[in-house]
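protein.tsv (TSV, C-alpha atoms) appears below.
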chain	number	residue	atom	x	y	z
W	18	MET	CA	-17.60	-7.63	-10.24
W	19	GLU	CA	-14.41	-7.22	-12.17
W	20	SER	CA	-14.54	-3.42	-12.44
W	21	LEU	CA	-14.24	-3.16	-8.69
W	22	LEU	CA	-11.96	-5.68	-7.05
W	23	ALA	CA	-13.13	-5.79	-3.46
W	24	LEU	CA	-11.81	-8.00	-0.71
W	25	VAL	CA	-12.77	-8.28	2.91
W	26	PHE	CA	-10.42	-8.36	5.84
W	27	ALA	CA	-10.54	-7.52	9.52
W	28	VAL	CA	-10.19	-3.90	10.52
W	29	CYS	CA	-13.19	-2.09	12.04
W	30	ILE	CA	-15.93	-3.40	14.28
W	31	SER	CA	-19.11	-3.60	12.27
W	32	TYR	CA	-22.25	-1.77	13.36
W	33	SER	CA	-24.12	-5.07	13.66
W	34	VAL	CA	-21.49	-6.73	15.86
W	35	ALA	CA	-21.05	-6.02	19.53
W	36	ASP	CA	-18.15	-8.42	20.13
W	37	GLU	CA	-14.84	-6.54	20.12
W	38	THR	CA	-13.03	-9.45	18.46
W	39	SER	CA	-15.25	-9.52	15.35
W	40	ASP	CA	-14.36	-7.01	12.70
W	41	SER	CA	-14.69	-6.37	8.98
W	42	VAL	CA	-14.06	-3.68	6.44
W	43	ASN	CA	-13.97	-3.48	2.69
W	44	TRP	CA	-11.06	-2.23	0.65
W	45	MET	CA	-10.92	-2.01	-3.09
W	46	TYR	CA	-9.00	-0.64	-6.03
W	47	ASP	CA	-10.47	2.25	-7.90
W	48	ASN	CA	-10.17	0.22	-11.08
W	49	ASP	CA	-10.22	3.27	-13.34
W	50	THR	CA	-6.96	4.50	-11.77
W	51	ILE	CA	-4.96	1.31	-12.45
W	52	PRO	CA	-2.24	2.45	-14.90
W	53	GLU	CA	-3.29	0.29	-17.85
W	54	MET	CA	-6.96	1.23	-17.33
W	55	LEU	CA	-6.49	5.01	-17.34
W	56	PRO	CA	-6.65	5.31	-21.17
W	57	ARG	CA	-10.24	4.00	-21.23
W	58	ASN	CA	-11.46	7.30	-19.78
W	59	MET	CA	-8.98	9.47	-21.69
W	60	ARG	CA	-9.89	8.68	-25.28
W	61	ASP	CA	-10.41	12.36	-26.04
W	62	ASN	CA	-6.87	13.13	-24.89
W	63	SER	CA	-3.74	13.02	-27.00
W	64	ASP	CA	-1.34	10.09	-26.90
W	65	GLU	CA	1.18	12.35	-25.16
W	66	GLU	CA	-1.29	13.33	-22.42
W	67	ILE	CA	-2.30	9.72	-21.88
W	68	GLY	CA	1.36	8.71	-21.71
W	69	LYS	CA	2.08	11.28	-19.00
W	70	ALA	CA	-0.92	10.17	-16.93
W	71	VAL	CA	-0.06	6.47	-17.19
W	72	PHE	CA	3.62	7.14	-16.48
W	73	HIS	CA	2.65	9.00	-13.29
W	74	ALA	CA	0.20	6.31	-12.10
W	75	TYR	CA	2.64	3.49	-12.90
W	76	SER	CA	5.43	5.33	-11.07
W	77	ASN	CA	3.17	5.67	-8.03
W	78	GLN	CA	2.43	1.96	-8.15
W	79	ILE	CA	6.11	1.06	-8.35
W	80	ARG	CA	6.95	3.36	-5.44
W	81	VAL	CA	4.47	1.42	-3.32
W	82	VAL	CA	5.90	-1.87	-4.63
W	83	SER	CA	9.35	-0.69	-3.54
W	84	GLU	CA	8.11	-0.11	0.01
W	85	TYR	CA	6.76	-3.64	0.36
W	86	SER	CA	8.99	-5.66	-1.98
W	87	GLY	CA	10.45	-8.64	-0.15
W	88	HIS	CA	8.14	-8.21	2.83
W	89	VAL	CA	4.85	-9.79	1.74
W	90	TYR	CA	5.35	-12.69	4.13
W	91	ASP	CA	6.46	-10.59	7.08
W	92	PRO	CA	4.29	-10.88	10.22
W	93	PRO	CA	0.93	-9.14	9.71
W	94	PHE	CA	0.36	-5.64	10.97
W	95	PRO	CA	-1.86	-5.35	14.06
W	96	PHE	CA	-5.37	-4.14	13.34
W	97	GLY	CA	-6.54	-0.73	14.44
W	98	TYR	CA	-9.92	-0.30	16.10
W	99	LEU	CA	-12.11	2.74	16.14
W	100	LYS	CA	-12.29	4.14	19.65
W	101	ASN	CA	-15.86	4.32	20.87
W	102	GLU	CA	-15.21	7.58	22.71
W	103	CYS	CA	-13.37	10.76	21.86
W	104	SER	CA	-12.80	13.69	24.20
W	105	ILE	CA	-13.41	17.17	22.87
W	106	PRO	CA	-11.69	20.12	24.58
W	107	ASN	CA	-13.60	22.57	26.72
W	108	THR	CA	-14.77	25.23	24.32
W	109	HIS	CA	-15.76	28.83	25.01
W	110	THR	CA	-17.92	30.21	22.18
W	111	TYR	CA	-19.02	33.78	21.57
W	112	GLN	CA	-21.93	35.33	19.68
W	113	SER	CA	-22.46	39.05	20.07
W	114	GLU	CA	-22.93	39.42	23.81
W	115	THR	CA	-23.74	35.76	24.42
W	116	ASP	CA	-21.27	33.22	25.75
W	117	LEU	CA	-21.90	29.49	25.59
W	118	VAL	CA	-19.27	27.25	27.15
W	119	PHE	CA	-19.14	23.49	26.48
W	120	ASN	CA	-17.25	21.51	29.14
W	121	ASN	CA	-16.41	17.83	29.82
W	122	ASN	CA	-17.30	16.97	26.24
W	123	ILE	CA	-17.24	13.35	25.10
W	124	ILE	CA	-18.62	11.84	21.90
W	125	ARG	CA	-19.70	8.21	22.10
W	126	GLY	CA	-20.79	5.70	19.49
W	127	LEU	CA	-17.86	5.82	17.05
W	128	ARG	CA	-17.12	2.11	17.29
W	129	GLY	CA	-20.45	1.22	15.75
W	130	CYS	CA	-19.77	2.17	12.13
W	131	ASN	CA	-22.18	0.70	9.59
W	132	HIS	CA	-19.94	1.33	6.57
W	133	ASN	CA	-16.17	1.34	6.26
W	134	LEU	CA	-14.41	1.40	2.91
W	135	ILE	CA	-10.78	2.04	1.98
W	136	VAL	CA	-10.35	2.93	-1.70
W	137	ILE	CA	-6.92	2.70	-3.34
W	138	LYS	CA	-6.31	5.16	-6.17
W	139	TRP	CA	-3.06	4.79	-8.13
W	140	ALA	CA	-3.85	8.16	-9.68
W	141	PRO	CA	-3.71	10.64	-8.04
W	142	ASP	CA	-1.69	8.57	-5.54
W	143	GLN	CA	-4.28	8.55	-2.77
W	144	ILE	CA	-6.06	6.44	-0.22
W	145	VAL	CA	-9.67	7.53	0.27
W	146	THR	CA	-11.22	6.34	3.53
W	147	ASN	CA	-15.00	6.44	3.91
W	148	ILE	CA	-16.69	5.62	7.22
W	149	GLU	CA	-20.35	6.15	8.07
W	150	TRP	CA	-22.28	5.99	11.33
W	151	LYS	CA	-26.03	6.04	11.84
W	152	ASP	CA	-25.63	8.40	14.78
W	153	ALA	CA	-23.46	9.36	17.75
W	154	ASN	CA	-23.95	11.43	20.88
W	155	ILE	CA	-21.91	14.23	22.39
W	156	ARG	CA	-22.59	14.82	26.07
W	157	GLY	CA	-21.20	17.27	28.57
W	158	SER	CA	-22.01	20.28	30.68
W	159	TYR	CA	-22.56	23.87	29.64
W	160	TYR	CA	-23.07	27.32	30.90
W	161	TYR	CA	-24.79	30.09	29.04
W	162	SER	CA	-24.54	33.76	29.89
W	163	ASN	CA	-25.25	37.24	28.59
W	164	THR	CA	-25.54	40.61	30.27
W	165	THR	CA	-28.84	39.74	31.97
W	166	TYR	CA	-29.02	35.97	32.25
W	167	PHE	CA	-26.96	32.98	33.39
W	168	GLU	CA	-27.76	29.30	33.04
W	169	GLN	CA	-25.82	26.09	33.51
W	170	GLY	CA	-26.63	22.42	33.15
W	171	ASN	CA	-26.00	19.38	31.01
W	172	TYR	CA	-26.41	18.99	27.30
W	173	ARG	CA	-26.76	16.22	24.74
W	174	ILE	CA	-26.09	16.60	21.02
W	175	ILE	CA	-27.35	13.86	18.70
W	176	LEU	CA	-25.58	13.79	15.35
W	177	GLY	CA	-27.25	11.76	12.61
W	178	GLY	CA	-25.77	10.46	9.36
W	179	ILE	CA	-22.16	11.08	10.35
W	180	ARG	CA	-19.55	10.58	7.68
W	181	TYR	CA	-15.75	10.56	7.71
W	182	GLN	CA	-14.00	10.97	4.37
W	183	ALA	CA	-10.29	11.68	4.19
W	184	ASN	CA	-7.57	11.47	1.57
W	185	THR	CA	-4.16	10.27	2.71
W	186	PRO	CA	-1.01	9.38	0.74
W	187	LEU	CA	-0.73	6.03	-1.03
W	188	SER	CA	2.98	5.93	-1.85
W	189	GLU	CA	5.20	6.55	1.17
W	190	ASN	CA	2.14	6.01	3.35
W	191	THR	CA	4.16	4.78	6.33
W	192	MET	CA	6.26	7.95	6.25
W	193	LYS	CA	3.70	10.57	5.25
W	194	TYR	CA	0.53	9.50	7.01
W	195	PRO	CA	-0.73	12.71	8.60
W	196	SER	CA	-1.10	13.28	12.32
W	197	SER	CA	-4.06	15.53	11.54
W	198	VAL	CA	-6.63	15.61	8.74
W	199	PRO	CA	-8.91	18.53	7.76
W	200	LYS	CA	-11.87	19.14	10.03
W	201	SER	CA	-14.03	19.01	6.90
W	202	SER	CA	-13.33	15.24	6.89
W	203	ILE	CA	-16.28	14.97	9.30
W	204	SER	CA	-19.77	15.82	8.15
W	205	TYR	CA	-23.27	15.06	9.41
W	206	GLU	CA	-26.80	15.11	8.00
W	207	SER	CA	-28.77	16.13	11.06
W	208	VAL	CA	-28.31	17.53	14.53
W	209	LYS	CA	-30.42	17.83	17.62
W	210	ALA	CA	-29.03	19.65	20.65
W	211	LEU	CA	-30.88	19.32	23.96
W	212	PHE	CA	-30.13	21.46	27.02
W	213	SER	CA	-31.31	20.55	30.53
W	214	ARG	CA	-32.52	24.02	31.52
W	215	ASN	CA	-34.22	26.74	29.51
W	216	ILE	CA	-32.28	26.88	26.24
W	217	PRO	CA	-34.67	25.47	23.62
W	218	ALA	CA	-33.74	22.43	21.54
W	219	VAL	CA	-31.76	23.22	18.39
W	220	THR	CA	-32.15	21.27	15.13
W	221	ASN	CA	-30.50	23.78	12.81
W	222	VAL	CA	-27.02	24.95	13.75
W	223	ASP	CA	-27.50	28.13	11.73
W	224	ASN	CA	-29.94	29.17	14.45
W	225	LEU	CA	-27.26	29.05	17.13
W	226	TYR	CA	-23.79	30.15	16.02
W	227	ASN	CA	-22.21	29.00	19.29
W	228	LEU	CA	-23.31	25.43	18.63
W	229	LYS	CA	-22.22	25.56	15.00
W	230	TYR	CA	-18.77	26.79	16.00
W	231	PHE	CA	-18.39	24.07	18.62
W	232	LEU	CA	-19.40	21.29	16.22
W	233	GLU	CA	-17.74	22.39	12.99
W	234	GLU	CA	-14.62	24.17	14.22
W	235	VAL	CA	-13.67	22.19	17.32
W	236	ALA	CA	-15.49	18.86	17.64
W	237	SER	CA	-15.12	17.90	13.97
W	238	GLN	CA	-11.36	18.41	14.08
W	239	HIS	CA	-10.82	16.22	17.13
W	240	ILE	CA	-13.18	13.50	15.93
W	241	ALA	CA	-11.51	13.45	12.50
W	242	ASP	CA	-8.03	13.20	14.00
W	243	SER	CA	-9.08	10.39	16.35
W	244	VAL	CA	-10.58	8.39	13.49
W	245	ALA	CA	-7.53	9.01	11.27
W	246	LYS	CA	-5.20	7.74	13.98
W	247	SER	CA	-7.31	4.61	14.52
W	248	MET	CA	-7.44	3.87	10.80
W	249	GLN	CA	-3.71	4.17	10.07
W	250	PRO	CA	-2.84	0.51	10.80
W	251	ASN	CA	-5.80	-0.64	8.71
W	252	ILE	CA	-4.77	1.50	5.76
W	253	SER	CA	-1.29	-0.06	5.96
W	254	ILE	CA	-2.91	-3.50	5.90
W	255	ALA	CA	-5.06	-2.52	2.90
W	256	ILE	CA	-2.03	-1.26	0.96
W	257	ARG	CA	-0.03	-4.37	1.79
W	258	HIS	CA	-2.80	-6.64	0.55
W	259	ALA	CA	-3.54	-4.51	-2.50
W	260	ILE	CA	0.06	-4.24	-3.66
W	261	THR	CA	0.84	-7.95	-3.28
W	262	PRO	CA	-0.18	-8.92	-6.86
W	263	TYR	CA	2.21	-6.26	-8.21
W	264	ILE	CA	5.26	-7.34	-6.23
W	265	MET	CA	7.73	-9.29	-8.35
W	266	PHE	CA	9.77	-10.55	-5.39
W	267	LYS	CA	7.50	-11.30	-2.47
W	268	ASN	CA	10.20	-12.46	-0.09
W	269	VAL	CA	13.77	-11.51	0.74
W	270	SER	CA	14.94	-14.97	-0.33
W	271	ASP	CA	13.94	-17.41	-3.07
W	272	PRO	CA	14.68	-21.16	-3.20
W	273	HIS	CA	13.20	-21.55	-6.70
W	274	PHE	CA	16.06	-20.53	-8.97
W	275	HIS	CA	16.78	-23.22	-11.55
W	276	GLY	CA	19.81	-25.44	-11.44
W	277	PHE	CA	22.05	-26.11	-14.44
W	278	THR	CA	24.73	-28.39	-15.81
W	279	ALA	CA	28.15	-27.46	-17.19
W	280	SER	CA	31.54	-28.94	-17.97
W	281	THR	CA	35.11	-27.69	-18.18
W	282	SER	CA	37.46	-28.10	-21.15
W	283	SER	CA	39.46	-30.58	-19.05
W	284	GLY	CA	36.42	-32.85	-18.70
W	285	ILE	CA	35.14	-31.98	-15.20
W	286	GLN	CA	31.33	-32.40	-15.10
W	287	LEU	CA	29.19	-30.12	-12.96
W	288	ILE	CA	25.57	-30.51	-11.88
W	289	VAL	CA	24.10	-27.62	-9.88
W	290	ASP	CA	20.79	-27.65	-7.97
W	291	ASP	CA	19.23	-26.41	-4.71
W	292	VAL	CA	19.93	-22.79	-5.60
W	293	PHE	CA	19.01	-20.47	-2.73
W	294	THR	CA	19.19	-16.68	-3.15
W	295	ASN	CA	18.96	-13.88	-0.63
W	296	GLY	CA	18.69	-10.11	-1.06
W	297	LEU	CA	15.71	-9.74	-3.39
W	298	ASN	CA	14.41	-6.91	-1.22
W	299	GLN	CA	17.39	-4.85	-2.40
W	300	THR	CA	15.66	-4.17	-5.71
W	301	ASN	CA	15.41	-0.72	-7.24
W	302	GLN	CA	12.49	-0.30	-9.64
W	303	LYS	CA	11.75	2.58	-12.01
W	304	VAL	CA	9.50	3.42	-14.92
W	305	LYS	CA	11.88	4.59	-17.63
W	306	ASN	CA	9.57	5.38	-20.52
W	307	MET	CA	5.97	5.23	-21.72
W	308	VAL	CA	4.98	5.34	-25.39
W	309	VAL	CA	1.30	5.49	-26.37
W	310	ASP	CA	-0.27	4.66	-29.72
W	311	MET	CA	-3.99	4.45	-29.03
W	312	ALA	CA	-4.88	3.98	-32.71
W	313	ASN	CA	-2.94	0.71	-32.74
W	314	LYS	CA	-3.75	-0.26	-29.15
W	315	LYS	CA	-0.23	0.04	-27.83
W	316	LEU	CA	0.65	1.25	-24.37
W	317	THR	CA	4.34	0.42	-24.27
W	318	SER	CA	6.19	0.75	-20.98
W	319	THR	CA	9.89	0.34	-20.37
W	320	THR	CA	10.77	-0.37	-16.77
W	321	GLU	CA	13.99	-1.16	-14.99
W	322	LEU	CA	14.61	-3.52	-12.09
W	323	VAL	CA	18.04	-3.50	-10.51
W	324	ILE	CA	18.87	-6.12	-7.89
W	325	HIS	CA	21.89	-5.25	-5.76
W	326	HIS	CA	24.17	-7.73	-4.01
W	327	LEU	CA	22.22	-10.91	-4.58
W	328	ARG	CA	23.93	-13.70	-2.72
W	329	GLY	CA	23.31	-17.28	-1.69
W	330	THR	CA	24.40	-20.85	-2.18
W	331	PHE	CA	23.92	-23.74	-4.55
W	332	ARG	CA	24.72	-27.42	-4.27
W	333	THR	CA	27.33	-28.65	-6.74
W	334	GLN	CA	27.98	-32.22	-7.77
W	335	LEU	CA	31.41	-32.39	-9.39
W	336	THR	CA	32.63	-35.45	-11.32
W	337	LYS	CA	36.37	-35.73	-11.95
W	338	ASP	CA	38.24	-38.84	-12.99
W	339	SER	CA	35.10	-40.93	-12.36
W	340	LYS	CA	34.93	-39.68	-8.78
W	341	GLN	CA	32.08	-37.55	-7.45
W	342	TYR	CA	32.34	-34.75	-4.94
W	343	THR	CA	29.34	-32.87	-3.58
W	344	GLY	CA	29.22	-29.66	-1.56
W	345	TYR	CA	27.75	-26.20	-1.37
W	346	VAL	CA	29.21	-23.20	-3.16
W	347	MET	CA	28.59	-19.62	-2.09
W	348	PHE	CA	27.96	-16.90	-4.66
W	349	GLU	CA	27.44	-13.15	-4.78
W	350	ILE	CA	26.30	-10.97	-7.67
W	351	GLU	CA	27.02	-7.28	-7.46
W	352	ASN	CA	24.29	-6.14	-9.80
W	353	ILE	CA	21.50	-7.57	-11.98
W	354	LYS	CA	19.68	-5.16	-14.27
W	355	ILE	CA	16.46	-6.32	-15.95
W	356	VAL	CA	14.87	-4.01	-18.53
W	357	PRO	CA	11.48	-5.25	-19.77
W	358	THR	CA	9.56	-3.47	-22.51
W	359	SER	CA	5.93	-4.50	-22.68
W	360	ASN	CA	2.62	-3.52	-24.24
W	361	MET	CA	0.27	-3.04	-21.29
W	362	PHE	CA	-2.66	-3.71	-23.61
W	363	ASN	CA	-1.32	-7.12	-24.68
W	364	ARG	CA	0.55	-9.38	-22.28
W	365	ASP	CA	2.07	-11.37	-25.15
W	366	GLU	CA	4.02	-8.36	-26.41
W	367	CYS	CA	6.93	-8.24	-23.99
W	368	ILE	CA	10.68	-8.61	-24.22
W	369	ALA	CA	13.20	-8.36	-21.39
W	370	ASN	CA	16.95	-7.94	-21.37
W	371	THR	CA	19.02	-8.97	-18.36
W	372	ILE	CA	22.53	-7.66	-17.69
W	373	ILE	CA	24.62	-9.21	-14.91
W	374	LYS	CA	27.62	-7.51	-13.39
W	375	ASN	CA	30.38	-9.12	-11.33
W	376	THR	CA	29.32	-12.63	-10.34
W	377	THR	CA	31.62	-14.30	-7.83
W	378	VAL	CA	31.56	-17.94	-6.72
W	379	MET	CA	33.51	-19.26	-3.76
W	380	ILE	CA	34.30	-22.97	-4.05
W	381	ASP	CA	36.39	-24.85	-1.51
W	382	PRO	CA	39.12	-26.58	-3.60
W	383	ALA	CA	39.92	-29.06	-0.83
W	384	GLU	CA	36.30	-30.19	-0.56
W	385	PHE	CA	36.20	-30.89	-4.30
W	386	ASN	CA	39.81	-32.14	-4.63
W	387	LEU	CA	40.78	-29.40	-7.08
W	388	SER	CA	44.18	-28.10	-8.02
W	389	LYS	CA	44.69	-24.35	-8.29
W	390	ASP	CA	44.29	-24.39	-12.08
W	391	GLU	CA	41.19	-26.60	-11.81
W	392	GLU	CA	39.69	-24.28	-9.18
W	393	ILE	CA	40.12	-21.30	-11.52
W	394	GLU	CA	38.62	-23.23	-14.44
W	395	VAL	CA	35.65	-24.50	-12.41
W	396	ASN	CA	34.96	-21.04	-11.00
W	397	ARG	CA	34.91	-19.54	-14.48
W	398	VAL	CA	32.58	-22.21	-15.85
W	399	LEU	CA	30.23	-21.94	-12.86
W	400	VAL	CA	30.05	-18.15	-13.25
W	401	ASP	CA	29.31	-18.37	-16.98
W	402	ALA	CA	26.69	-21.09	-16.61
W	403	PHE	CA	25.05	-19.46	-13.58
W	404	ASN	CA	24.84	-16.10	-15.36
W	405	LYS	CA	23.23	-17.77	-18.37
W	406	SER	CA	20.72	-19.53	-16.14
W	407	ILE	CA	19.81	-16.30	-14.38
W	408	LYS	CA	19.42	-14.39	-17.66
W	409	ASN	CA	17.11	-17.07	-19.01
W	410	LYS	CA	15.07	-17.00	-15.82
W	411	PHE	CA	14.58	-13.25	-15.64
W	412	ASN	CA	14.11	-12.70	-19.38
W	413	ASN	CA	11.19	-15.11	-19.25
W	414	THR	CA	9.66	-14.81	-15.79
W	415	VAL	CA	9.65	-11.01	-15.62
W	416	CYS	CA	7.50	-10.79	-18.76
W	417	VAL	CA	5.19	-13.51	-17.44
W	418	ALA	CA	4.87	-11.69	-14.11
W	419	LEU	CA	4.16	-8.34	-15.78
W	420	GLY	CA	1.49	-10.00	-17.90
W	421	ASP	CA	-0.14	-11.55	-14.84
W	422	MET	CA	-0.36	-8.11	-13.24
W	423	LEU	CA	-2.39	-6.60	-16.08
W	424	ASN	CA	-6.12	-6.10	-15.81
W	425	SER	CA	-7.92	-8.38	-18.29
W	426	LYS	CA	-9.98	-5.46	-19.60
W	427	ALA	CA	-6.98	-3.31	-20.45
W	428	GLY	CA	-7.05	-2.23	-24.09
W	429	LYS	CA	-10.71	-3.15	-24.55
W	430	TYR	CA	-12.24	0.14	-25.56
Is it possible to give me this structure as structure tokens?
Amino acid sequence: MESLLALVFAVCISYSVADETSDSVNWMYDNDTIPEMLPRNMRDNSDEEIGKAVFHAYSNQIRVVSEYSGHVYDPPFPFGYLKNECSIPNTHTYQSETDLVFNNNIIRGLRGCNHNLIVIKWAPDQIVTNIEWKDANIRGSYYYSNTTYFEQGNYRIILGGIRYQANTPLSENTMKYPSSVPKSSISYESVKALFSRNIPAVTNVDNLYNLKYFLEEVASQHIADSVAKSMQPNISIAIRHAITPYIMFKNVSDPHFHGFTASTSSGIQLIVDDVFTNGLNQTNQKVKNMVVDMANKKLTSTTELVIHHLRGTFRTQLTKDSKQYTGYVMFEIENIKIVPTSNMFNRDECIANTIIKNTTVMIDPAEFNLSKDEEIEVNRVLVDAFNKSIKNKFNNTVCVALGDMLNSKAGKY
């Protein structure tokens, strides 16, 4: 189903599986929040309003890209598992002249979730986590007292239709993931509280304020925080998988830069191949501008990618006076700025401009049998030819990559 891109990967132990090593959870994009898809549901808005919304969503997406750029092939994050048990603090509750104290409280059954879904929303920059359980049990001891009566014993609270729903940050997730989520993140459809002595069973918390306070003010908070902590690694995994198609440079290094040929005015022939670059993770990405013309189906974005201190090596075959010399040459580029302008409704409407600043090559003149003047000449030619090769690469491949990232239904409204 193209409107909801859902993938499956290991995270939470399924309700139907008892084995602790078997796990599954769904994550998906909220397709309507993908930047180029936002205008479909904003056709009553002005071009300016649509532009602001898309700019914001695209900026969020690029912030997440920046966190993971160059690290797609890093070792995988460890999975997080829902803890089956969660302790709830001893709680003294009051209602008029009645005290009800819940002690030694433990909820069990949280591992057996029957639904677990992580939803990625580029706008408004959120992760929505939904988990559902058929039921769970809280057990402990209690004592009940008023001015004329005292009772103590054990209790059991059966919660049915439990649901966890929490919103956490998408961009800067690793830095801003909360240590606590609202207690309202936990809800339930039914309750049945059983007490071992004379307190009658309770199926409506409004009939016993003490129980309602314990469940909704204390227990819910601690359960929610326990689930949030367990889910953090899995949310990181979901983001890493979800952002991968949008990452231009998936690794720190790249062995796939094209080679080139060149020659000097003095007749030295140069053939360059086996280009290896390093430092692609040092890329700064920004959305610079967004222009919308819905009437003509144009959603034109201007972005900027700046790669700092790209360095590496390439193999050079040098022919001089009918003699060949082969060796590796080191290079470093201070700054590469790529500015693509593209219509997010039409992948074929894209143009990119690449500006390269301060390319340096370091060739060993002795290895290539070069005089000082020849070394200077070869360096200059290598720099010029390498810069041209890089410009051709980025001017073409960046537009192709941006086109591949677009949803196929963008602009179809």
Using only C-alpha atoms, determine which residues lie at most 6 Å from range 205-217 of chain W, disregarding the query and same-chain residues fewer than 2 positions distant; provide the list as number ranges by chain. W: 170-179, 219-220
Identify which of the residues W:Val378, W:Ile288, W:Leu335, W:Met265 lies closest to Val415 in chain W, counting all atoms listed in the file when measuring atom-to-atom distances. W:Met265
What does the structure give for the distance between CA of Asp365 in chain W and CA of Ser318 in chain W, in Å to one decimal?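 Distance reported for this atom pair: 13.5 Å.
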Closest atom pairs, range 248-350 of chain W residues within 12 Å of range 410-413 of chain W, all atoms listed in the file, as a tab-separated table:
residue	atom	partner	partner_atom	distance
W:Met265	CA	W:Phe411	CA	10.8
W:Phe266	CA	W:Phe411	CA	11.6
W:His273	CA	W:Lys410	CA	10.4
W:Phe274	CA	W:Lys410	CA	7.8
W:His275	CA	W:Lys410	CA	7.7
W:Gly276	CA	W:Lys410	CA	10.6
W:Phe277	CA	W:Lys410	CA	11.6
W:Leu322	CA	W:Phe411	CA	10.4
W:Val323	CA	W:Phe411	CA	11.5
W:Ile324	CA	W:Phe411	CA	11.4
Restrict the calculation to only C-alpha atoms, then for each residue of range 135-170 of chain W with any atom at most 12 Å from an atom of range 51-69 of chain W give the closest atom pair and their distance in Å to one decimal, rows by chain and rising residue number, as a Markdown table.
| residue | atom | partner | partner_atom | distance |
| --- | --- | --- | --- | --- |
| W:Ile137 | CA | W:Ile51 | CA | 9.4 |
| W:Lys138 | CA | W:Ile51 | CA | 7.5 |
| W:Trp139 | CA | W:Ile51 | CA | 5.9 |
| W:Ala140 | CA | W:Ile51 | CA | 7.5 |
| W:Pro141 | CA | W:Ile51 | CA | 10.4 |
| W:Asp142 | CA | W:Ile51 | CA | 10.5 |
Enclosing box along x, y and z for every listed atom of range 181-194 of chain W, padded 5 Å each side, centre and size in Å, one decimal, as lines of an AutoDock Vina configuration file:
center_x = -4.7
center_y = 8.2
center_z = 2.9
size_x = 32.0
size_y = 16.9
size_z = 19.6
Could you list, as a PyMOL selection string, every residue within 10 Å of Glu366 in chain W, counting all atoms listed in the file and ignoring same-chain residues fewer than 3 positions away? chain W and resi 315+317+358-363+416+420
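Comparing W:Thr278, W:Gln341, W:Thr336, W:Thr50 by their smallest distance to Ala70 in chain W, the closest is W:Thr50 (using only C-alpha atoms).
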Give me, as a tab-separated table, the closest atom pair and its distance (Å, one decimal) for every residue of range 186-212 of chain W within a cut-off of 10 Å of range 239-261 of chain W, counting only C-alpha atoms, rows sorted by chain and rising number.
residue	atom	partner	partner_atom	distance
W:Leu187	CA	W:Ile256	CA	7.7
W:Ser188	CA	W:Ile256	CA	9.2
W:Asn190	CA	W:Ser253	CA	7.4
W:Thr191	CA	W:Ser253	CA	7.3
W:Tyr194	CA	W:Gln249	CA	7.5
W:Pro195	CA	W:Ala245	CA	8.2
W:Ser196	CA	W:Lys246	CA	7.1
W:Ser197	CA	W:Asp242	CA	5.2
W:Val198	CA	W:Asp242	CA	6.0
W:Pro199	CA	W:Ala241	CA	7.4
W:Lys200	CA	W:Ala241	CA	6.2
W:Ser201	CA	W:Ala241	CA	8.3
W:Ser202	CA	W:Ala241	CA	6.2
W:Ile203	CA	W:Ala241	CA	5.9
W:Ser204	CA	W:Ala241	CA	9.6
